[in-house]
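Participant: Next up, model_5.cif (mmCIF, C-alpha atoms and all ligand atoms).
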```cif
data_target
loop_
_atom_site.label_atom_id
_atom_site.label_comp_id
_atom_site.auth_asym_id
_atom_site.auth_seq_id
_atom_site.Cartn_x
_atom_site.Cartn_y
_atom_site.Cartn_z
CA MET A 1285 32.46 6.88 58.45
CA SER A 1286 30.13 8.39 55.91
CA PHE A 1287 29.84 7.96 52.13
CA PRO A 1288 30.24 11.05 50.00
CA LYS A 1289 26.82 12.42 49.10
CA LYS A 1290 27.38 11.79 45.36
CA ILE A 1291 27.88 8.05 45.88
CA LEU A 1292 24.85 7.75 48.17
CA ILE A 1293 22.64 9.26 45.46
CA SER A 1294 24.08 7.24 42.61
CA LEU A 1295 23.95 3.86 44.43
CA PRO A 1296 20.16 3.31 44.17
CA ILE A 1297 20.29 4.45 40.53
CA SER A 1298 23.04 2.04 39.57
CA LEU A 1299 21.29 -0.75 41.50
CA SER A 1300 18.02 -0.18 39.65
CA LEU A 1301 19.85 0.05 36.32
CA CYS A 1302 21.56 -3.20 37.11
CA LEU A 1303 18.24 -4.90 37.99
CA CYS A 1304 16.63 -3.53 34.83
CA GLY A 1305 19.43 -4.95 32.75
CA PHE A 1306 19.13 -8.26 34.56
CA SER A 1307 15.35 -8.54 34.07
CA SER A 1308 15.56 -7.60 30.39
CA LEU A 1309 18.15 -10.34 29.97
CA ILE A 1310 15.75 -12.87 31.49
CA LEU A 1311 12.72 -11.62 29.56
CA ALA A 1312 14.54 -10.86 26.27
CA LYS A 1313 12.35 -12.02 23.44
CA VAL A 1314 13.50 -13.06 19.98
CA ARG A 1315 12.57 -10.15 17.72
CA VAL A 1316 10.93 -11.59 14.62
CA VAL A 1317 9.98 -9.50 11.58
CA THR A 1318 7.93 -11.11 8.81
CA THR A 1319 7.07 -9.73 5.41
CA THR A 1320 3.41 -10.85 5.55
CA THR A 1321 0.71 -11.15 8.19
CA ASP A 1322 0.28 -14.88 7.53
CA LEU A 1323 3.92 -15.59 8.37
CA ALA A 1324 3.51 -13.37 11.46
CA ALA A 1325 0.43 -15.29 12.58
CA ILE A 1326 2.24 -18.64 12.28
CA ALA A 1327 5.39 -17.25 13.97
CA ARG A 1328 3.25 -16.13 16.93
CA GLU A 1329 1.71 -19.60 17.22
CA VAL A 1330 5.15 -21.24 17.19
CA GLY A 1331 7.06 -18.63 19.20
CA GLY A 1332 4.44 -17.99 21.90
CA PRO A 1333 5.83 -16.07 24.87
CA HIS A 1334 9.44 -16.22 23.62
CA VAL A 1335 9.02 -13.97 20.58
CA GLU A 1336 7.95 -10.47 19.64
CA VAL A 1337 6.55 -10.54 16.09
CA THR A 1338 5.91 -7.69 13.65
CA ALA A 1339 4.68 -7.95 10.05
CA ILE A 1340 5.77 -5.37 7.48
CA THR A 1341 2.76 -5.59 5.14
CA ARG A 1342 -0.89 -5.39 6.07
CA GLY A 1343 -3.36 -8.15 5.24
CA THR A 1344 -5.31 -5.68 3.13
CA ALA A 1345 -2.34 -4.85 0.86
CA ASP A 1346 -0.93 -6.54 -2.24
CA PRO A 1347 2.30 -8.14 -0.94
CA HIS A 1348 3.94 -7.79 -4.36
CA TYR A 1349 3.95 -4.01 -4.02
CA VAL A 1350 4.87 -2.34 -0.75
CA GLU A 1351 5.96 1.23 -0.22
CA ALA A 1352 9.23 1.10 1.72
CA LYS A 1353 8.91 3.28 4.82
CA PRO A 1354 11.70 4.34 7.25
CA SER A 1355 9.83 2.61 10.09
CA TYR A 1356 10.32 -0.74 8.28
CA VAL A 1357 14.09 -0.13 8.18
CA LEU A 1358 14.11 0.42 11.93
CA LYS A 1359 12.14 -2.79 12.54
CA LEU A 1360 14.61 -4.75 10.39
CA HIS A 1361 17.59 -3.07 12.05
CA ARG A 1362 16.44 -4.44 15.43
CA ALA A 1363 15.34 -7.89 14.18
CA ASP A 1364 16.91 -11.21 15.25
CA LEU A 1365 14.99 -13.14 12.58
CA LEU A 1366 13.45 -12.12 9.26
CA ILE A 1367 10.93 -14.54 7.72
CA HIS A 1368 9.93 -13.95 4.10
CA ILE A 1369 7.81 -15.74 1.49
CA GLY A 1370 10.56 -15.84 -1.18
CA LEU A 1371 10.07 -16.86 -4.85
CA GLU A 1372 10.42 -13.13 -5.62
CA LEU A 1373 7.11 -12.17 -4.00
CA GLU A 1374 8.93 -9.36 -2.15
CA ILE A 1375 11.58 -8.66 -4.83
CA GLY A 1376 10.21 -5.17 -5.48
CA TRP A 1377 10.78 -3.86 -1.96
CA LEU A 1378 12.58 -6.22 0.45
CA PRO A 1379 16.16 -6.11 -0.96
CA ALA A 1380 16.36 -2.32 -0.57
CA LEU A 1381 15.00 -2.49 2.99
CA LEU A 1382 17.47 -5.27 3.88
CA THR A 1383 20.42 -3.21 2.67
CA ALA A 1384 19.18 -0.11 4.49
CA SER A 1385 18.69 -2.09 7.74
CA ARG A 1386 22.48 -2.54 8.14
CA ASN A 1387 21.70 -5.69 10.16
CA GLY A 1388 24.17 -8.46 9.25
CA ALA A 1389 22.19 -11.04 11.27
CA ILE A 1390 19.24 -11.07 8.87
CA GLN A 1391 20.95 -10.83 5.47
CA LEU A 1392 20.50 -13.63 2.90
CA GLY A 1393 22.45 -16.73 3.95
CA SER A 1394 22.53 -15.76 7.66
CA PRO A 1395 20.74 -17.87 10.31
CA GLY A 1396 18.49 -14.86 10.95
CA ASN A 1397 17.11 -14.98 7.39
CA LEU A 1398 14.43 -17.61 6.79
CA ASN A 1399 13.04 -18.08 3.29
CA ALA A 1400 9.79 -19.89 4.06
CA SER A 1401 9.52 -21.28 0.50
CA ASP A 1402 12.35 -23.76 1.17
CA GLY A 1403 10.68 -27.17 1.41
CA ILE A 1404 7.48 -26.04 -0.34
CA ASP A 1405 6.28 -27.95 -3.40
CA VAL A 1406 6.10 -24.95 -5.77
CA ILE A 1407 3.55 -25.02 -8.61
CA GLU A 1408 3.32 -23.18 -11.95
CA VAL A 1409 7.11 -23.15 -12.30
CA PRO A 1410 7.92 -21.94 -15.84
CA ALA A 1411 10.17 -24.19 -17.93
CA VAL A 1412 12.38 -21.14 -18.44
CA VAL A 1413 12.78 -18.36 -15.86
CA THR A 1414 11.11 -15.44 -17.53
CA ARG A 1415 10.00 -11.99 -16.58
CA ALA A 1416 8.69 -11.48 -20.11
CA GLU A 1417 6.29 -8.55 -20.29
CA GLY A 1418 6.72 -8.07 -16.53
CA ASP A 1419 5.57 -11.51 -15.32
CA ILE A 1420 5.98 -11.37 -11.54
CA HIS A 1421 6.08 -15.15 -10.89
CA PRO A 1422 9.36 -16.05 -12.67
CA TYR A 1423 10.27 -18.89 -10.26
CA GLY A 1424 6.76 -20.32 -9.93
CA ASN A 1425 3.73 -19.31 -7.92
CA PRO A 1426 4.73 -17.67 -4.59
CA HIS A 1427 1.21 -17.64 -3.02
CA TYR A 1428 1.73 -21.02 -1.30
CA TRP A 1429 0.38 -19.93 2.11
CA THR A 1430 -3.14 -20.15 0.61
CA ASP A 1431 -2.95 -23.95 0.99
CA PRO A 1432 -3.22 -24.58 4.76
CA ARG A 1433 -1.23 -27.81 4.41
CA ASN A 1434 1.71 -25.53 3.63
CA GLY A 1435 1.00 -23.77 6.94
CA VAL A 1436 2.23 -26.95 8.64
CA ARG A 1437 5.49 -26.84 6.63
CA ILE A 1438 5.96 -23.14 7.43
CA ALA A 1439 5.41 -23.79 11.16
CA ASP A 1440 8.00 -26.60 11.10
CA ALA A 1441 10.57 -24.38 9.38
CA ILE A 1442 9.97 -21.54 11.84
CA ALA A 1443 10.27 -23.89 14.86
CA GLN A 1444 13.52 -25.30 13.49
CA ARG A 1445 15.05 -21.84 12.88
CA LEU A 1446 13.85 -20.31 16.17
CA GLY A 1447 15.39 -23.33 17.93
CA GLU A 1448 18.73 -22.60 16.27
CA ILE A 1449 18.64 -18.91 17.22
CA ASP A 1450 17.28 -19.48 20.75
CA SER A 1451 18.42 -22.99 21.67
CA ALA A 1452 17.22 -22.68 25.30
CA ASN A 1453 13.62 -22.80 24.05
CA ALA A 1454 14.11 -25.17 21.08
CA SER A 1455 11.95 -27.95 22.53
CA ASP A 1456 9.16 -25.50 23.35
CA TYR A 1457 9.15 -24.22 19.74
CA ARG A 1458 8.92 -27.79 18.48
CA VAL A 1459 6.04 -28.66 20.82
CA ARG A 1460 4.16 -25.47 19.95
CA ALA A 1461 4.58 -26.11 16.19
CA GLU A 1462 3.29 -29.68 16.59
CA GLU A 1463 0.31 -28.47 18.62
CA PHE A 1464 -0.52 -25.80 15.99
CA SER A 1465 -0.15 -28.32 13.15
CA SER A 1466 -2.44 -30.79 14.85
CA ARG A 1467 -5.13 -28.09 15.40
CA LEU A 1468 -4.74 -27.06 11.75
CA ALA A 1469 -4.94 -30.69 10.50
CA ASP A 1470 -8.24 -31.20 12.36
CA ARG A 1471 -9.74 -28.13 10.71
CA ILE A 1472 -8.35 -29.03 7.26
CA ALA A 1473 -10.36 -32.26 7.27
CA GLY A 1474 -13.57 -30.32 8.08
CA TRP A 1475 -12.91 -27.68 5.41
CA GLU A 1476 -12.32 -30.36 2.78
CA ARG A 1477 -15.66 -32.01 3.65
CA LYS A 1478 -17.42 -28.66 3.22
CA ILE A 1479 -16.16 -28.27 -0.36
CA THR A 1480 -16.58 -31.93 -1.40
CA PRO A 1481 -20.00 -31.33 -3.10
CA HIS A 1482 -18.38 -28.65 -5.31
CA LYS A 1483 -15.25 -30.55 -6.41
CA GLY A 1484 -14.29 -29.94 -10.04
CA LYS A 1485 -16.22 -26.66 -10.34
CA LEU A 1486 -14.60 -23.88 -12.38
CA VAL A 1487 -13.35 -20.58 -10.98
CA VAL A 1488 -11.83 -17.42 -12.47
CA THR A 1489 -9.53 -15.31 -10.27
CA TYR A 1490 -8.08 -11.83 -10.72
CA HIS A 1491 -4.42 -12.72 -10.10
CA LYS A 1492 -2.95 -16.23 -9.92
CA SER A 1493 -2.89 -15.87 -6.15
CA MET A 1494 -5.31 -18.68 -5.36
CA SER A 1495 -3.78 -21.53 -7.38
CA TYR A 1496 -2.67 -23.42 -4.24
CA LEU A 1497 -6.03 -22.82 -2.56
CA LEU A 1498 -8.00 -24.09 -5.58
CA ARG A 1499 -5.75 -27.12 -6.02
CA TRP A 1500 -6.23 -28.05 -2.35
CA LEU A 1501 -10.01 -27.67 -2.57
CA GLY A 1502 -10.28 -29.59 -5.85
CA LEU A 1503 -11.62 -26.56 -7.76
CA LYS A 1504 -10.33 -25.71 -11.23
CA GLN A 1505 -8.91 -22.36 -12.36
CA ALA A 1506 -10.52 -21.67 -15.74
CA GLY A 1507 -8.70 -18.37 -16.29
CA ALA A 1508 -7.60 -15.06 -14.78
CA ILE A 1509 -8.64 -11.43 -15.25
CA GLU A 1510 -4.93 -10.48 -15.49
CA ARG A 1511 -3.36 -11.47 -18.79
CA LYS A 1512 -0.24 -12.76 -17.00
CA PRO A 1513 0.73 -12.44 -13.33
CA GLY A 1514 1.15 -8.71 -12.68
CA ILE A 1515 0.06 -7.67 -16.18
CA PRO A 1516 -3.28 -5.83 -16.37
CA PRO A 1517 -6.01 -7.16 -18.68
CA SER A 1518 -6.42 -5.88 -22.23
CA GLY A 1519 -9.81 -5.44 -23.93
CA SER A 1520 -9.26 -8.48 -26.14
CA HIS A 1521 -8.22 -10.63 -23.15
CA ILE A 1522 -11.42 -9.68 -21.27
CA ALA A 1523 -13.57 -10.36 -24.36
CA ALA A 1524 -12.01 -13.84 -24.78
CA LEU A 1525 -12.39 -14.52 -21.04
CA ILE A 1526 -16.10 -13.65 -21.13
CA GLN A 1527 -16.62 -15.91 -24.15
CA MET A 1528 -14.83 -18.80 -22.46
CA MET A 1529 -16.77 -18.32 -19.20
CA LYS A 1530 -20.09 -18.37 -21.06
CA THR A 1531 -19.14 -21.50 -22.99
CA ARG A 1532 -17.84 -23.36 -19.95
CA LYS A 1533 -20.50 -21.93 -17.57
CA VAL A 1534 -17.95 -20.74 -14.98
CA PRO A 1535 -19.99 -20.02 -11.82
CA LEU A 1536 -17.55 -18.00 -9.70
CA VAL A 1537 -15.09 -15.08 -9.91
CA LEU A 1538 -12.76 -14.75 -6.91
CA VAL A 1539 -11.02 -11.42 -6.35
CA GLU A 1540 -8.82 -10.34 -3.47
CA THR A 1541 -9.80 -7.28 -1.49
CA PHE A 1542 -7.07 -5.02 -2.94
CA TYR A 1543 -7.63 -5.51 -6.69
CA PRO A 1544 -9.68 -3.13 -8.88
CA ARG A 1545 -13.35 -4.13 -9.04
CA LYS A 1546 -14.30 -2.68 -12.46
CA ASP A 1547 -13.29 -5.58 -14.74
CA PRO A 1548 -14.36 -8.38 -12.35
CA THR A 1549 -17.78 -6.73 -11.87
CA MET A 1550 -18.29 -6.39 -15.63
CA VAL A 1551 -17.14 -9.96 -16.30
CA ALA A 1552 -19.48 -11.35 -13.63
CA GLU A 1553 -22.43 -9.31 -14.93
CA LYS A 1554 -21.91 -10.41 -18.54
CA THR A 1555 -21.50 -14.11 -17.71
CA GLY A 1556 -23.92 -14.59 -14.79
CA ALA A 1557 -21.06 -15.74 -12.55
CA LYS A 1558 -21.04 -14.77 -8.89
CA LEU A 1559 -18.37 -12.26 -7.81
CA LEU A 1560 -16.81 -12.99 -4.42
CA ILE A 1561 -14.35 -10.55 -2.83
CA LEU A 1562 -12.12 -12.72 -0.71
CA PRO A 1563 -9.27 -12.02 1.73
CA THR A 1564 -6.25 -14.30 1.27
CA SER A 1565 -4.24 -13.04 4.24
CA VAL A 1566 -4.68 -12.68 7.98
CA GLY A 1567 -6.03 -9.16 8.60
CA GLY A 1568 -7.45 -9.04 5.05
CA ARG A 1569 -10.75 -8.18 6.66
CA PRO A 1570 -11.59 -7.06 10.23
CA GLY A 1571 -12.12 -10.13 12.40
CA ILE A 1572 -9.66 -12.41 10.54
CA LYS A 1573 -6.97 -12.56 13.19
CA SER A 1574 -5.42 -16.01 12.83
CA TYR A 1575 -4.23 -18.37 10.08
CA ILE A 1576 -6.94 -20.89 11.02
CA GLY A 1577 -9.55 -18.10 11.10
CA LEU A 1578 -8.53 -17.05 7.59
CA PHE A 1579 -9.33 -20.46 6.08
CA GLY A 1580 -12.54 -20.73 8.11
CA ALA A 1581 -13.77 -17.58 6.34
CA ILE A 1582 -12.42 -18.52 2.89
CA VAL A 1583 -13.96 -22.01 2.82
CA LYS A 1584 -17.32 -20.89 4.25
CA GLU A 1585 -17.69 -18.10 1.68
CA ILE A 1586 -16.61 -20.19 -1.33
CA ALA A 1587 -18.97 -23.03 -0.30
CA GLU A 1588 -21.87 -20.58 0.07
CA ALA A 1589 -21.14 -18.88 -3.28
CA LEU A 1590 -20.95 -22.21 -5.13
CA ALA A 1591 -24.15 -23.46 -3.49
CA ALA A 1592 -26.09 -20.34 -4.56
CA PRO A 1593 -27.97 -20.57 -7.86
CA ARG A 1594 -26.46 -18.74 -10.87
CA GLU A 1595 -27.95 -15.32 -11.57
ZN ZN A 1601 1.49 -13.10 -7.35
#
```
How does the structure come out when it is put into structure tokens?
Ligand SMILES: [Zn+2]
Facilitator:
Amino acid sequence: MSFPKKILISLPISLSLCLCGFSSLILAKVRVVTTTTDLAAIAREVGGPHVEVTAITRGTADPHYVEAKPSYVLKLHRADLLIHIGLELEIGWLPALLTASRNGAIQLGSPGNLNASDGIDVIEVPAVVTRAEGDIHPYGNPHYWTDPRNGVRIADAIAQRLGEIDSANASDYRVRAEEFSSRLADRIAGWERKITPHKGKLVVTYHKSMSYLLRWLGLKQAGAIERKPGIPPSGSHIAALIQMMKTRKVPLVLVETFYPRKDPTMVAEKTGAKLLILPTSVGGRPGIKSYIGLFGAIVKEIAEALAAPRE
């Protein structure tokens, strides 16, 4: 008895297809999409070999403003879990991408949608929700990842949610989150010691993006180049800021890599303050590849700038 030729040819093909399907089932990873690189870095620490993580924004970009690209829609369409900062940080671009993704699993309220701000102690919450004049922090300050102690809370939330989506690996996610948090806690103590001699010193920032960072380090925000979050400075605002900085002898201006340099440079020159261009996200500068590495760079550079004599 002999098999028809057609069957003999198709048998190895169907067998290999079957094996491929089988192996992809075993190796299937949870597809995680995050809005920012910091959330992606923490998700990789917690998810390890069980996840495939992509961030939508780059560490060099302002996360408030992102140009929605078709490739982002595709990423979200395929995602099992979306992790976002919340507090309206991504309000200008994420809702439209979510709708376009046509992925029910990651819509608001679904298990595949994790708002990482849940459980965070939010600061600078206005008494009344207001977007007056275009204020982009109506529910409080959304830049909470700049306090590494919040990195521990974010890791916990990600471990919890990954465990719900992929229960087979729930204990592994929990162990990995605890291991990451313990490594982070060790470094936090060292970073705090480094800044101790500078506690109470005054700092001006461009945007109110470093409020959590400054609060953690015991530094004080004396003012901001922006008039209000998201609102560019006016001439009179800059003049008043310069006057205040001279009077209070503010030694440092901190500006993120993506903000315009003209006003900060002028303000620093007129007041004798040092201008430090600082990344506040993973990937904000080449070589900053992890959440722990980000704070290593931030603390080292702030400590050096505050130790340097005023010009
Ligand atoms: Zn902001």
Participant: What are the closest atom pairs, with distances in Å to one decimal, for each residue of chain A lying within 12 Å of ligand ZN 1601 (chain A), using all atoms listed in the file, rows by chain and rising residue number, as a tab-separated table?
Facilitator:
```
residue	atom	partner	partner_atom	distance
A:Asp1346	CA	A:ZN1601	ZN	8.7
A:Pro1347	CA	A:ZN1601	ZN	8.1
A:His1348	CA	A:ZN1601	ZN	6.6
A:Tyr1349	CA	A:ZN1601	ZN	10.0
A:Ile1369	CA	A:ZN1601	ZN	11.2
A:Gly1370	CA	A:ZN1601	ZN	11.3
A:Leu1371	CA	A:ZN1601	ZN	9.7
A:Glu1372	CA	A:ZN1601	ZN	9.1
A:Leu1373	CA	A:ZN1601	ZN	6.6
A:Glu1374	CA	A:ZN1601	ZN	9.8
A:Ile1375	CA	A:ZN1601	ZN	11.3
A:Gly1376	CA	A:ZN1601	ZN	11.9
A:Glu1408	CA	A:ZN1601	ZN	11.2
A:Gly1418	CA	A:ZN1601	ZN	11.7
A:Asp1419	CA	A:ZN1601	ZN	9.1
A:Ile1420	CA	A:ZN1601	ZN	6.4
A:His1421	CA	A:ZN1601	ZN	6.1
A:Pro1422	CA	A:ZN1601	ZN	9.9
A:Tyr1423	CA	A:ZN1601	ZN	10.9
A:Gly1424	CA	A:ZN1601	ZN	9.3
A:Asn1425	CA	A:ZN1601	ZN	6.6
A:Pro1426	CA	A:ZN1601	ZN	6.2
A:His1427	CA	A:ZN1601	ZN	6.3
A:Tyr1428	CA	A:ZN1601	ZN	10.0
A:Trp1429	CA	A:ZN1601	ZN	11.7
A:Thr1430	CA	A:ZN1601	ZN	11.6
A:Thr1489	CA	A:ZN1601	ZN	11.6
A:Tyr1490	CA	A:ZN1601	ZN	10.2
A:His1491	CA	A:ZN1601	ZN	6.5
A:Lys1492	CA	A:ZN1601	ZN	6.0
A:Ser1493	CA	A:ZN1601	ZN	5.3
A:Met1494	CA	A:ZN1601	ZN	9.0
A:Ser1495	CA	A:ZN1601	ZN	9.9
A:Tyr1496	CA	A:ZN1601	ZN	11.6
A:Ala1508	CA	A:ZN1601	ZN	11.9
A:Glu1510	CA	A:ZN1601	ZN	10.7
A:Lys1512	CA	A:ZN1601	ZN	9.8
A:Pro1513	CA	A:ZN1601	ZN	6.1
A:Gly1514	CA	A:ZN1601	ZN	6.9
A:Ile1515	CA	A:ZN1601	ZN	10.5
A:Glu1540	CA	A:ZN1601	ZN	11.4
A:Tyr1543	CA	A:ZN1601	ZN	11.9
A:Thr1564	CA	A:ZN1601	ZN	11.6
```
Participant: Give as a PyMOL selection string the set of residues within 10 Å of the point (-0.3, -3.9, 7.6), where distances use the file's coordinates and only C-alpha atoms.
Facilitator: chain A and resi 1319-1321+1338-1345+1347+1350+1566-1568
Participant: Neighbours of Ala1352 of chain A within 9 Å (all atoms listed in the file; same-chain residues fewer than 6 positions away dropped), as a count of residues only?
Facilitator: 4
Participant: Would you be able to write out as a VMD selection string which residues have an atom within 12 Å of (-7.6, -8.2, -22.1) in the file's coordinates, counting only C-alpha atoms?
Facilitator: chain A and resid 1490 1507 to 1512 1515 to 1526 1547 to 1548 1551
Participant: With distances taken over only C-alpha atoms, which residue among A:Arg1315, A:Lys1546, A:Lys1353, A:Arg1386 lies nearest Val1335 of chain A?
Facilitator: A:Arg1315
Participant: Using all atoms listed in the file, can you tell me which of A:Leu1497, A:Met1528, A:Leu1590, A:Val1314 comes closest to Leu1578 of chain A?
Facilitator: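 Closest to Leu1578 of chain A of all the choices is A:Leu1497.
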Participant: Determine, counting all atoms listed in the file, which protein, DNA and RNA residues have an atom within 12 Å of an atom of Ile1367 of chain A; residues of the same chain fewer than 5 positions away are not included. Present the result as a VMD selection string.
Facilitator: chain A and resid 1315 to 1327 1337 to 1340 1360 1374 1378 1382 1390 to 1392 1394 to 1402 1438 to 1439 1441 to 1443 1445 to 1446
Participant: Between atom CA of Ile1407 of chain A and atom CA of Asp1431 of chain A, measure the distance and give it in Å to one decimal.
Facilitator: 11.6 Å
Participant: Could you list, as a ChimeraX atom specification, every residue within 10 Å of Gly1332 of chain A, counting all atoms listed in the file and ignoring same-chain residues fewer than 6 positions away?
Facilitator: /A:1326,1456-1457,1460-1461
Participant: Next, dump the selected residues to file, keeping only C-alpha atoms, as a tab-separated table (two decimals), in the coordinates of the input.
Facilitator:
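The result, written out as result_22.tsv:
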```
chain	number	residue	atom	x	y	z
A	1326	ILE	CA	2.24	-18.64	12.28
A	1456	ASP	CA	9.16	-25.50	23.35
A	1457	TYR	CA	9.15	-24.22	19.74
A	1460	ARG	CA	4.16	-25.47	19.95
A	1461	ALA	CA	4.58	-26.11	16.19
```
Participant: Just to confirm, what's the straight-line distance from atom CA of Val1488 of chain A to atom CA of Leu1501 of chain A in Å (one decimal)?
Facilitator: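 Computed distance, atom CA of Val1488 of chain A to atom CA of Leu1501 of chain A, equals 14.4 Å.
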Participant: Which value, in Å to one decimal, gives the distance between atom CA of Trp1500 of chain A and atom CA of Lys1530 of chain A?
Facilitator: 25.2 Å
Participant: As a PDB file, in the coordinates of the input, could you write out segment 1523-1535 of chain A once it has been completed with N, CA and C atoms?
Facilitator:
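Just written: part.pdb:
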```
ATOM      1  N   ALA A1523     -12.533  -9.857 -23.435  1.00  0.00           N
ATOM      2  CA  ALA A1523     -13.570 -10.360 -24.360  1.00  0.00           C
ATOM      3  C   ALA A1523     -13.460 -11.889 -24.498  1.00  0.00           C
ATOM      4  N   ALA A1524     -12.213 -12.384 -24.645  1.00  0.00           N
ATOM      5  CA  ALA A1524     -12.010 -13.840 -24.780  1.00  0.00           C
ATOM      6  C   ALA A1524     -12.386 -14.562 -23.483  1.00  0.00           C
ATOM      7  N   LEU A1525     -12.073 -13.930 -22.346  1.00  0.00           N
ATOM      8  CA  LEU A1525     -12.390 -14.520 -21.040  1.00  0.00           C
ATOM      9  C   LEU A1525     -13.911 -14.662 -20.875  1.00  0.00           C
ATOM     10  N   ILE A1526     -14.631 -13.618 -21.245  1.00  0.00           N
ATOM     11  CA  ILE A1526     -16.100 -13.650 -21.130  1.00  0.00           C
ATOM     12  C   ILE A1526     -16.670 -14.768 -22.009  1.00  0.00           C
ATOM     13  N   GLN A1527     -16.150 -14.868 -23.222  1.00  0.00           N
ATOM     14  CA  GLN A1527     -16.620 -15.910 -24.150  1.00  0.00           C
ATOM     15  C   GLN A1527     -16.392 -17.303 -23.554  1.00  0.00           C
ATOM     16  N   MET A1528     -15.184 -17.505 -23.050  1.00  0.00           N
ATOM     17  CA  MET A1528     -14.830 -18.800 -22.460  1.00  0.00           C
ATOM     18  C   MET A1528     -15.717 -19.105 -21.256  1.00  0.00           C
ATOM     19  N   MET A1529     -15.957 -18.097 -20.410  1.00  0.00           N
ATOM     20  CA  MET A1529     -16.770 -18.320 -19.200  1.00  0.00           C
ATOM     21  C   MET A1529     -18.219 -18.666 -19.545  1.00  0.00           C
ATOM     22  N   LYS A1530     -18.725 -18.047 -20.623  1.00  0.00           N
ATOM     23  CA  LYS A1530     -20.090 -18.370 -21.060  1.00  0.00           C
ATOM     24  C   LYS A1530     -20.149 -19.804 -21.565  1.00  0.00           C
ATOM     25  N   THR A1531     -19.168 -20.163 -22.409  1.00  0.00           N
ATOM     26  CA  THR A1531     -19.140 -21.500 -22.990  1.00  0.00           C
ATOM     27  C   THR A1531     -19.015 -22.573 -21.907  1.00  0.00           C
ATOM     28  N   ARG A1532     -18.110 -22.331 -20.958  1.00  0.00           N
ATOM     29  CA  ARG A1532     -17.840 -23.360 -19.950  1.00  0.00           C
ATOM     30  C   ARG A1532     -18.714 -23.206 -18.694  1.00  0.00           C
ATOM     31  N   LYS A1533     -19.572 -22.185 -18.696  1.00  0.00           N
ATOM     32  CA  LYS A1533     -20.500 -21.930 -17.570  1.00  0.00           C
ATOM     33  C   LYS A1533     -19.751 -21.820 -16.232  1.00  0.00           C
ATOM     34  N   VAL A1534     -18.747 -20.946 -16.203  1.00  0.00           N
ATOM     35  CA  VAL A1534     -17.950 -20.740 -14.980  1.00  0.00           C
ATOM     36  C   VAL A1534     -18.833 -20.027 -13.945  1.00  0.00           C
ATOM     37  N   PRO A1535     -19.029 -20.613 -12.759  1.00  0.00           N
ATOM     38  CA  PRO A1535     -19.990 -20.020 -11.820  1.00  0.00           C
ATOM     39  C   PRO A1535     -19.433 -18.968 -10.855  1.00  0.00           C
TER      40      PRO A1535
END
```
